[in-house]
Every structure is written in structure tokens, then in C-alpha cells.
$ cat run.csv   # CSV, C-alpha atoms
chain,number,residue,atom,x,y,z
A,1,MET,CA,0.5,231.6,-37.3
A,2,ARG,CA,3.7,229.6,-37.2
A,3,LYS,CA,2.2,226.7,-39.1
A,4,THR,CA,0.7,229.1,-41.7
A,5,PHE,CA,4.1,230.7,-42.1
A,6,MET,CA,5.9,227.4,-42.6
A,7,ALA,CA,3.3,226.3,-45.1
A,8,LEU,CA,3.7,229.4,-47.2
A,9,ALA,CA,7.5,229.1,-47.2
A,10,LEU,CA,7.4,225.5,-48.2
A,11,LEU,CA,4.9,226.2,-50.9
A,12,ALA,CA,7.1,228.9,-52.4
A,13,LEU,CA,10.2,226.7,-52.4
A,14,ALA,CA,8.4,223.7,-53.7
A,15,GLY,CA,6.5,225.5,-56.4
A,16,CYS,CA,9.5,227.5,-57.8
A,17,GLY,CA,12.1,224.8,-58.2
A,18,GLY,CA,13.3,224.6,-61.8
A,19,GLU,CA,10.3,225.6,-63.8
A,20,SER,CA,11.0,227.3,-67.1
A,21,PRO,CA,8.7,230.1,-68.4
A,22,ARG,CA,7.3,227.7,-71.0
A,23,ASP,CA,6.4,225.2,-68.2
A,24,LEU,CA,4.6,227.8,-66.1
A,25,ARG,CA,1.3,226.8,-67.6
A,26,LYS,CA,1.8,223.1,-66.5
A,27,VAL,CA,0.2,223.6,-63.1
A,28,THR,CA,-2.3,221.5,-61.4
A,29,THR,CA,-5.9,222.7,-61.2
A,30,SER,CA,-6.0,222.5,-57.4
A,31,ASP,CA,-2.8,224.5,-57.0
A,32,SER,CA,-4.0,227.3,-59.2
A,33,LYS,CA,-7.4,227.5,-57.6
A,34,GLU,CA,-6.0,227.6,-54.0
A,35,GLU,CA,-3.6,230.4,-54.8
A,36,VAL,CA,-5.9,232.5,-57.0
A,37,ALA,CA,-8.8,232.2,-54.5
A,38,ALA,CA,-6.8,234.3,-52.0
A,39,GLY,CA,-7.1,237.4,-54.3
A,40,SER,CA,-4.4,240.0,-54.9
A,41,SER,CA,-3.9,243.6,-54.4
A,42,ASP,CA,-2.4,243.9,-57.9
A,43,PRO,CA,-4.1,241.3,-60.1
A,44,ILE,CA,-2.9,240.6,-63.6
A,45,ALA,CA,-5.7,240.8,-66.1
A,46,VAL,CA,-6.4,237.5,-67.9
A,47,SER,CA,-7.4,237.6,-71.6
A,48,ALA,CA,-10.9,236.6,-72.5
A,49,PRO,CA,-10.8,232.8,-73.3
A,50,ASN,CA,-12.8,233.4,-76.5
A,51,ALA,CA,-10.4,236.0,-77.9
A,52,PRO,CA,-8.0,234.3,-80.3
A,53,LYS,CA,-4.3,235.2,-79.9
A,54,ILE,CA,-2.8,234.2,-83.2
A,55,ALA,CA,0.8,235.0,-84.3
A,56,TYR,CA,0.9,235.3,-88.1
A,57,VAL,CA,3.9,234.9,-90.4
A,58,TYR,CA,3.6,236.1,-94.1
A,59,GLU,CA,6.0,234.8,-96.7
A,60,TYR,CA,6.7,236.5,-100.1
A,61,GLY,CA,9.2,235.4,-102.8
A,62,TYR,CA,10.1,237.7,-105.7
A,63,ARG,CA,12.1,237.1,-108.9
A,64,LEU,CA,13.7,240.1,-110.6
A,65,SER,CA,16.9,241.1,-112.2
A,66,ALA,CA,20.1,241.0,-110.2
A,67,ALA,CA,20.6,244.8,-110.6
A,68,ALA,CA,17.0,245.5,-109.3
A,69,ILE,CA,17.3,243.4,-106.1
A,70,PRO,CA,19.2,246.0,-103.9
A,71,GLN,CA,17.0,248.8,-105.1
A,72,VAL,CA,13.7,247.0,-104.3
A,73,GLN,CA,15.1,245.9,-101.0
A,74,ARG,CA,16.1,249.5,-100.0
A,75,LYS,CA,12.7,250.9,-101.1
A,76,GLN,CA,10.8,248.3,-99.1
A,77,ALA,CA,13.0,249.0,-96.0
A,78,ASP,CA,12.5,252.8,-96.4
A,79,LEU,CA,8.7,252.3,-96.7
A,80,CYS,CA,8.8,250.3,-93.4
A,81,GLU,CA,10.8,253.0,-91.6
A,82,LYS,CA,8.4,255.8,-92.8
A,83,GLN,CA,5.6,254.0,-90.9
A,84,GLY,CA,7.3,254.5,-87.6
A,85,PRO,CA,8.4,251.9,-85.0
A,86,GLN,CA,4.9,251.5,-83.7
A,87,VAL,CA,3.8,250.2,-87.1
A,88,CYS,CA,6.8,248.6,-88.7
A,89,GLN,CA,10.3,247.5,-87.6
A,90,ILE,CA,13.2,246.0,-89.6
A,91,LEU,CA,14.3,242.7,-88.1
A,92,ASP,CA,16.8,241.4,-90.6
A,93,MET,CA,18.2,242.5,-94.0
A,94,LYS,CA,20.6,240.5,-96.1
A,95,GLN,CA,21.9,240.6,-99.7
A,96,SER,CA,24.5,238.4,-101.6
A,97,GLY,CA,26.8,240.0,-104.1
A,98,ALA,CA,25.8,239.5,-107.7
A,99,GLU,CA,27.8,236.9,-109.7
A,100,GLY,CA,26.9,237.3,-113.4
A,101,ASP,CA,23.2,237.1,-113.7
A,102,TYR,CA,22.6,235.6,-110.2
A,103,ALA,CA,21.9,237.5,-107.0
A,104,SER,CA,19.7,236.9,-103.9
A,105,GLY,CA,18.6,238.7,-100.7
A,106,SER,CA,16.1,238.7,-97.9
A,107,LEU,CA,14.2,241.2,-95.7
A,108,SER,CA,12.3,240.5,-92.5
A,109,LEU,CA,9.9,243.0,-91.0
A,110,ALA,CA,7.6,243.1,-87.9
A,111,VAL,CA,4.4,244.9,-88.8
A,112,ALA,CA,1.4,245.8,-86.6
A,113,ALA,CA,-1.0,242.9,-87.0
A,114,PRO,CA,-4.0,244.9,-88.3
A,115,ARG,CA,-1.8,246.4,-91.1
A,116,ALA,CA,0.2,243.3,-92.1
A,117,ARG,CA,-1.8,242.1,-95.1
A,118,SER,CA,-2.4,245.5,-96.6
A,119,PHE,CA,1.3,246.4,-96.0
A,120,GLY,CA,2.3,243.2,-97.8
A,121,THR,CA,0.4,244.4,-100.8
A,122,GLU,CA,2.2,247.7,-100.8
A,123,LEU,CA,5.5,245.9,-100.6
A,124,GLY,CA,4.5,243.8,-103.7
A,125,LYS,CA,3.8,247.0,-105.7
A,126,ILE,CA,7.3,248.2,-105.1
A,127,ALA,CA,8.7,244.9,-106.6
A,128,GLY,CA,6.2,245.1,-109.4
A,129,ALA,CA,7.3,248.6,-110.3
A,130,ALA,CA,10.8,247.2,-110.8
A,131,GLU,CA,9.4,244.5,-113.2
A,132,GLY,CA,9.6,241.9,-110.4
A,133,GLU,CA,7.4,238.9,-110.3
A,134,GLU,CA,5.9,237.3,-107.1
A,135,VAL,CA,6.7,233.6,-107.5
A,136,SER,CA,5.7,232.4,-104.0
A,137,SER,CA,3.6,233.5,-101.0
A,138,GLY,CA,2.1,232.0,-97.9
A,139,ILE,CA,0.5,232.7,-94.6
A,140,SER,CA,1.0,230.7,-91.4
A,141,GLY,CA,-0.5,231.3,-87.9
A,142,GLU,CA,0.2,229.9,-84.4
A,143,ASP,CA,-2.6,230.0,-81.9
A,144,LEU,CA,-1.1,231.2,-78.6
A,145,SER,CA,-4.4,231.8,-76.8
A,146,LYS,CA,-4.1,228.9,-74.3
A,147,GLN,CA,-0.4,229.6,-73.6
A,148,ILE,CA,-1.1,233.2,-72.9
A,149,VAL,CA,-4.1,232.6,-70.7
A,150,ASP,CA,-2.4,229.9,-68.7
A,151,THR,CA,0.7,231.9,-68.2
A,152,GLU,CA,-1.3,234.9,-67.0
A,153,ALA,CA,-3.2,232.7,-64.5
A,154,ARG,CA,0.0,231.2,-63.2
A,155,LEU,CA,1.6,234.6,-63.0
A,156,ARG,CA,-1.3,236.0,-61.0
A,157,ALA,CA,-1.2,233.1,-58.6
A,158,ARG,CA,2.5,233.6,-58.0
A,159,THR,CA,2.0,237.3,-57.4
A,160,VAL,CA,-0.6,236.3,-54.7
A,161,LEU,CA,1.9,234.0,-53.1
A,162,ARG,CA,4.6,236.6,-53.2
A,163,ASP,CA,2.3,239.1,-51.5
A,164,ARG,CA,1.4,236.7,-48.7
A,165,LEU,CA,5.1,235.9,-48.0
A,166,MET,CA,5.9,239.6,-48.0
A,167,ASP,CA,3.1,240.2,-45.4
A,168,VAL,CA,4.6,237.5,-43.2
A,169,LEU,CA,8.1,239.1,-43.4
A,170,ALA,CA,6.6,242.5,-42.7
A,171,ASN,CA,5.1,241.2,-39.4
A,172,ARG,CA,8.4,239.6,-38.4
A,173,LYS,CA,6.7,236.7,-36.6
A,174,GLY,CA,8.6,233.4,-36.5
A,175,THR,CA,12.1,232.2,-35.8
A,176,VAL,CA,15.3,233.4,-37.6
A,177,ALA,CA,15.4,230.2,-39.7
A,178,GLU,CA,11.7,230.6,-40.7
A,179,LEU,CA,12.4,234.2,-41.8
A,180,VAL,CA,15.4,233.2,-43.8
A,181,GLU,CA,13.3,230.5,-45.6
A,182,ALA,CA,10.6,233.1,-46.3
A,183,GLU,CA,13.2,235.5,-47.8
A,184,ARG,CA,14.5,232.7,-50.0
A,185,GLY,CA,10.9,231.9,-51.1
A,186,VAL,CA,10.2,235.5,-52.0
A,187,ALA,CA,13.4,235.7,-54.1
A,188,LYS,CA,12.6,232.5,-56.0
A,189,VAL,CA,9.0,233.7,-56.6
A,190,ASN,CA,10.2,237.0,-57.8
A,191,GLU,CA,12.6,235.3,-60.2
A,192,GLU,CA,9.8,233.1,-61.5
A,193,ILE,CA,7.5,236.1,-61.9
A,194,ASP,CA,10.1,238.0,-63.9
A,195,GLU,CA,10.7,235.1,-66.3
A,196,ALA,CA,7.0,234.6,-66.8
A,197,LYS,CA,6.5,238.3,-67.6
A,198,SER,CA,9.3,238.1,-70.1
A,199,TRP,CA,7.8,235.0,-71.8
A,200,LEU,CA,4.4,236.6,-71.7
A,201,ALA,CA,5.7,239.8,-73.3
A,202,GLU,CA,7.4,237.8,-76.1
A,203,MET,CA,4.2,235.9,-76.9
A,204,GLN,CA,2.1,239.0,-76.9
A,205,GLY,CA,4.6,240.7,-79.1
A,206,ARG,CA,4.3,237.9,-81.7
A,207,VAL,CA,0.5,238.4,-81.6
A,208,ASP,CA,0.6,242.2,-81.8
A,209,TYR,CA,3.3,242.3,-84.6
A,210,SER,CA,3.1,239.9,-87.5
A,211,ARG,CA,6.3,238.9,-89.2
A,212,ILE,CA,6.8,239.5,-92.9
A,213,ASN,CA,9.6,237.5,-94.6
A,214,MET,CA,10.6,238.4,-98.1
A,215,SER,CA,13.1,236.7,-100.4
A,216,TYR,CA,14.6,237.9,-103.6
A,217,GLU,CA,16.2,235.9,-106.4
A,218,ALA,CA,17.5,236.7,-109.9
A,219,GLY,CA,17.3,234.4,-112.9
A,220,THR,CA,14.6,232.6,-114.9
A,221,PRO,CA,13.3,229.1,-114.2
A,222,SER,CA,13.8,226.5,-116.8
A,223,SER,CA,10.6,225.7,-118.8
A,224,GLY,CA,9.5,222.5,-120.4
A,225,GLY,CA,7.5,221.8,-123.5
A,226,PHE,CA,8.5,221.9,-127.1
A,227,MET,CA,10.4,225.2,-126.8
A,228,GLY,CA,12.2,224.1,-123.7
A,229,PRO,CA,15.1,222.2,-125.4
A,230,ILE,CA,15.4,224.9,-128.0
A,231,ARG,CA,15.8,227.6,-125.4
A,232,GLY,CA,18.3,225.4,-123.6
A,233,ALA,CA,20.3,224.8,-126.8
A,234,LEU,CA,20.3,228.5,-127.7
A,235,GLY,CA,21.4,229.4,-124.2
A,236,ASN,CA,24.3,226.9,-124.5
A,237,VAL,CA,25.5,228.2,-127.9
A,238,GLY,CA,28.0,230.5,-126.2
A,239,THR,CA,29.3,227.8,-124.0
A,240,VAL,CA,29.7,225.4,-126.9
A,241,LEU,CA,31.5,228.0,-129.1
A,242,GLY,CA,33.8,228.9,-126.2
A,243,ALA,CA,34.7,225.2,-125.7
A,244,VAL,CA,35.5,224.8,-129.4
A,245,ILE,CA,37.6,227.9,-129.5
A,246,GLY,CA,39.4,226.8,-126.4
A,247,PHE,CA,40.2,223.4,-127.9
A,248,LEU,CA,41.5,225.1,-131.1
A,249,ILE,CA,43.8,227.3,-129.0
A,250,LEU,CA,45.0,224.3,-127.0
A,251,ALA,CA,45.6,222.3,-130.2
A,252,ALA,CA,47.4,225.2,-131.9
A,253,ALA,CA,49.6,225.6,-128.8
A,254,VAL,CA,50.7,221.9,-129.2
A,255,ILE,CA,50.5,221.3,-133.0
A,256,VAL,CA,52.4,224.4,-134.2
A,257,PRO,CA,55.5,223.8,-132.1
A,258,LEU,CA,55.5,220.1,-133.1
A,259,GLY,CA,55.0,221.1,-136.8
A,260,LEU,CA,57.9,223.5,-136.6
A,261,VAL,CA,60.1,220.8,-135.1
A,262,GLY,CA,59.0,218.4,-137.9
A,263,LEU,CA,59.8,220.9,-140.6
A,264,GLY,CA,63.2,221.6,-139.1
A,265,ILE,CA,64.0,217.9,-139.0
A,266,ARG,CA,62.9,217.4,-142.6
A,267,TYR,CA,65.0,220.4,-143.7
A,268,GLY,CA,68.0,219.0,-141.9
A,269,MET,CA,67.6,215.6,-143.5
A,270,SER,CA,67.3,217.2,-146.9
A,271,LEU,CA,70.6,219.1,-146.4
A,272,TYR,CA,72.3,216.0,-145.2
A,273,ARG,CA,71.3,214.1,-148.3
A,274,ARG,CA,72.4,216.8,-150.7
A,275,ARG,CA,75.9,216.8,-149.1
A,276,THR,CA,76.3,213.0,-149.1
A,277,GLN,CA,75.0,212.4,-152.7
A,278,PRO,CA,78.1,213.8,-154.6
A,279,GLY,CA,80.5,211.6,-152.6
A,280,GLU,CA,78.5,208.4,-153.3
A,281,GLU,CA,78.6,209.1,-157.0
A,282,ALA,CA,82.4,209.5,-157.0

$ encode --input "run.csv" --output "C-alpha cells"
Amino acid sequence: MRKTFMALALLALAGCGGESPRDLRKVTTSDSKEEVAAGSSDPIAVSAPNAPKIAYVYEYGYRLSAAAIPQVQRKQADLCEKQGPQVCQILDMKQSGAEGDYASGSLSLAVAAPRARSFGTELGKIAGAAEGEEVSSGISGEDLSKQIVDTEARLRARTVLRDRLMDVLANRKGTVAELVEAERGVAKVNEEIDEAKSWLAEMQGRVDYSRINMSYEAGTPSSGGFMGPIRGALGNVGTVLGAVIGFLILAAAVIVPLGLVGLGIRYGMSLYRRRTQPGEEA
């Protein structure tokens, strides 16, 4: 019994030293088989290996007027809240202040995976009603099946080990030092189990709720072809006229004072000549 006790304590201490939740799946086959074979009074169900666990991310980009961006953003956020937290949740919402004709914004949602694609269509209709245009879209997925299955197996094995150590402590057989080592082993195993459960819940949440990222931007893209330079020139007419008028104002601010000074000097010279001419004749 004493040898068994020490083996369990050493196994708990050696197996729990410094593993992160992401590294829980990096366990040797022999270690997993030995621990899982003992069974558990509270086993953790392992997902079927053939059932894919994919975390999807949907991306949509809209172009619309600067004034319409906040309205569309609010309507899409309201639509999400109407579905309830079990279907849709707002993760992030941002908007930059409009400067002239330019404005931008973003909205990120977590939507129940079975509803994600159809919900994206509904969000697009809101932008379309505001004369918005979908300029970009994309779907990406990450297969978390192996990570989830491996983490569940490792978690079940650690639960078995924890139960065995707790049985030893309950019987109170062994020296004081051995009991202290067993308590330390239980504490470390419990910490590892909590971290694994947290990581497992995060992965499962990414699978159950797809992320929808939307971006908004005002303005029209430049177009090429024969009409491109013409549109560009017409768009720059205001800038050119402004530059010309600005130059004229600057020139007037310099030339007018200099002209007045020149006229004053000329008038003074004329008076001086008139006064000096009669004396010269005499």
C-alpha cells in the first residue's frame, strides 16, 4: 500500500509540473492508457472522433455613405439583441467620426453556428436597404476536433488520478510526509483540471458560436479606363479653383501695398520736380 501511495503522489507531481492548457494534449500514449484504464466515477464524455468541431469566422465589408454608417450599425446591433443572448451576442462595436465624406466603423458578433450564414444574409439586407454595397466577404474555419478530443481525454485521465489520490488521503494510510505530498499532488491536479476545463470551454464556445466581423467604409473607389482620368479631373476642379483663388489673394496682399508705395514715391518725385524747376530757370 505504501509503495502504491508513493507512486501515485510522484505521478501527480511529475505529471502536473508546468503544463499549460494548450499543452495538455501533448501526452504520451502509455501515460494516457494507464490512467484512463483505471476508470472514473465521474467520467468526462469524449466527443466522437468523426464529428468535426470547426470554428467559423465570417467577414463582410460594406461601402455606404458616411451618414448611413451609424444607422446601419445600430440596426444590425439591434437585430442581434432581438435574437437573445442564446442566439447572438455583441462582442465589439466601433465607429470613427466622419471627416467630410469619409467615415468608418466595425461590428463583431457571436452568432449560434447553425444560424450564422442565414443571419449574415439578414445583416446584408439592412445594409442594402441603406443603399450600401457589399464589397468584400469571406469565410474561414479552424478544425478544433483533435484539440478538443485530446484535451477531454487528458482531462478525464487527470480526474481519475485525482480520485485515486483522494481515496488514499481518505484512508489516512502512510507517513505524515507522504500525506503532505499527496495533498500537494491533489492541489496541482485540481489546478490542472480547472485550466483544462477553461480551455475546453473556450474551444467549444468557438465551435458553438461563429464570429461575424463587419466593417463599414464611406467613399467611392477610383476607377480606371477612359472615363477614369476625366472623373479625376472633374473631381479636382474645386481643388484647382481654390488654389488659383488662394494665389490671387496672396498676390493681391503683396502687390497692392507695393503698388501703393510705388505710386506714393512717384507722386512725391513729381512734386519735388515741380518745385525745383522754377529755381533752375531763374

$ closest_atom_pairs --input "run.csv" --of "stretch 125-171 of chain A" --to "stretch 51-57 of chain A" --cutoff "6 Å" --atoms "only C-alpha atoms" --output "Markdown table"
| residue | atom | partner | partner_atom | distance |
| --- | --- | --- | --- | --- |
| A:Ile139 | CA | A:Val57 | CA | 5.8 |
| A:Ser140 | CA | A:Val57 | CA | 5.2 |
| A:Gly141 | CA | A:Tyr56 | CA | 4.2 |
| A:Glu142 | CA | A:Ala55 | CA | 5.1 |
| A:Asp143 | CA | A:Ile54 | CA | 4.4 |
| A:Leu144 | CA | A:Lys53 | CA | 5.3 |
| A:Ser145 | CA | A:Lys53 | CA | 4.6 |

$ write_last_selection --input "run.csv" --atoms "C-alpha atoms" --output "PDB file, in the frame of the given file"
ATOM      1  CA  ILE A 139       0.500 232.700 -94.600  1.00  0.00           C
ATOM      2  CA  SER A 140       1.000 230.700 -91.400  1.00  0.00           C
ATOM      3  CA  GLY A 141      -0.500 231.300 -87.900  1.00  0.00           C
ATOM      4  CA  GLU A 142       0.200 229.900 -84.400  1.00  0.00           C
ATOM      5  CA  ASP A 143      -2.600 230.000 -81.900  1.00  0.00           C
ATOM      6  CA  LEU A 144      -1.100 231.200 -78.600  1.00  0.00           C
ATOM      7  CA  SER A 145      -4.400 231.800 -76.800  1.00  0.00           C
TER       8      SER A 145
END

$ closest_residue --input "run.csv" --among "A:Lys146, A:Arg275, A:Arg115, A:Lys125" --to "A:Met203" --atoms "all atoms listed in the file"
A:Lys146

$ atom_distance --input "run.csv" --atom1 "atom CA of A:Ile249" --atom2 "atom CA of A:Leu263"
20.8 Å

$ residues_around --input "run.csv" --residues "stretch 71-81 of chain A" --least-positions-apart "3" --cutoff "12 Å" --atoms "all atoms listed in the file" --output "PyMOL selection string"
chain A and resi 62-68+84-95+104-112+115-116+119-133+212-217

$ closest_residue --input "run.csv" --among "A:Lys173, A:Ala103, A:Leu155, A:Ala182" --to "A:Ser198" --atoms "all atoms listed in the file"
A:Leu155

$ closest_residue --input "run.csv" --among "A:Asp208, A:Glu192, A:Glu134, A:Glu202" --to "A:Arg162" --atoms "only C-alpha atoms"
A:Glu192

$ atom_distance --input "run.csv" --atom1 "atom CA of A:Gly138" --atom2 "atom CA of A:Tyr58"
5.8 Å

$ atom_distance --input "run.csv" --atom1 "atom CA of A:Asp150" --atom2 "atom CA of A:Val168"
27.5 Å
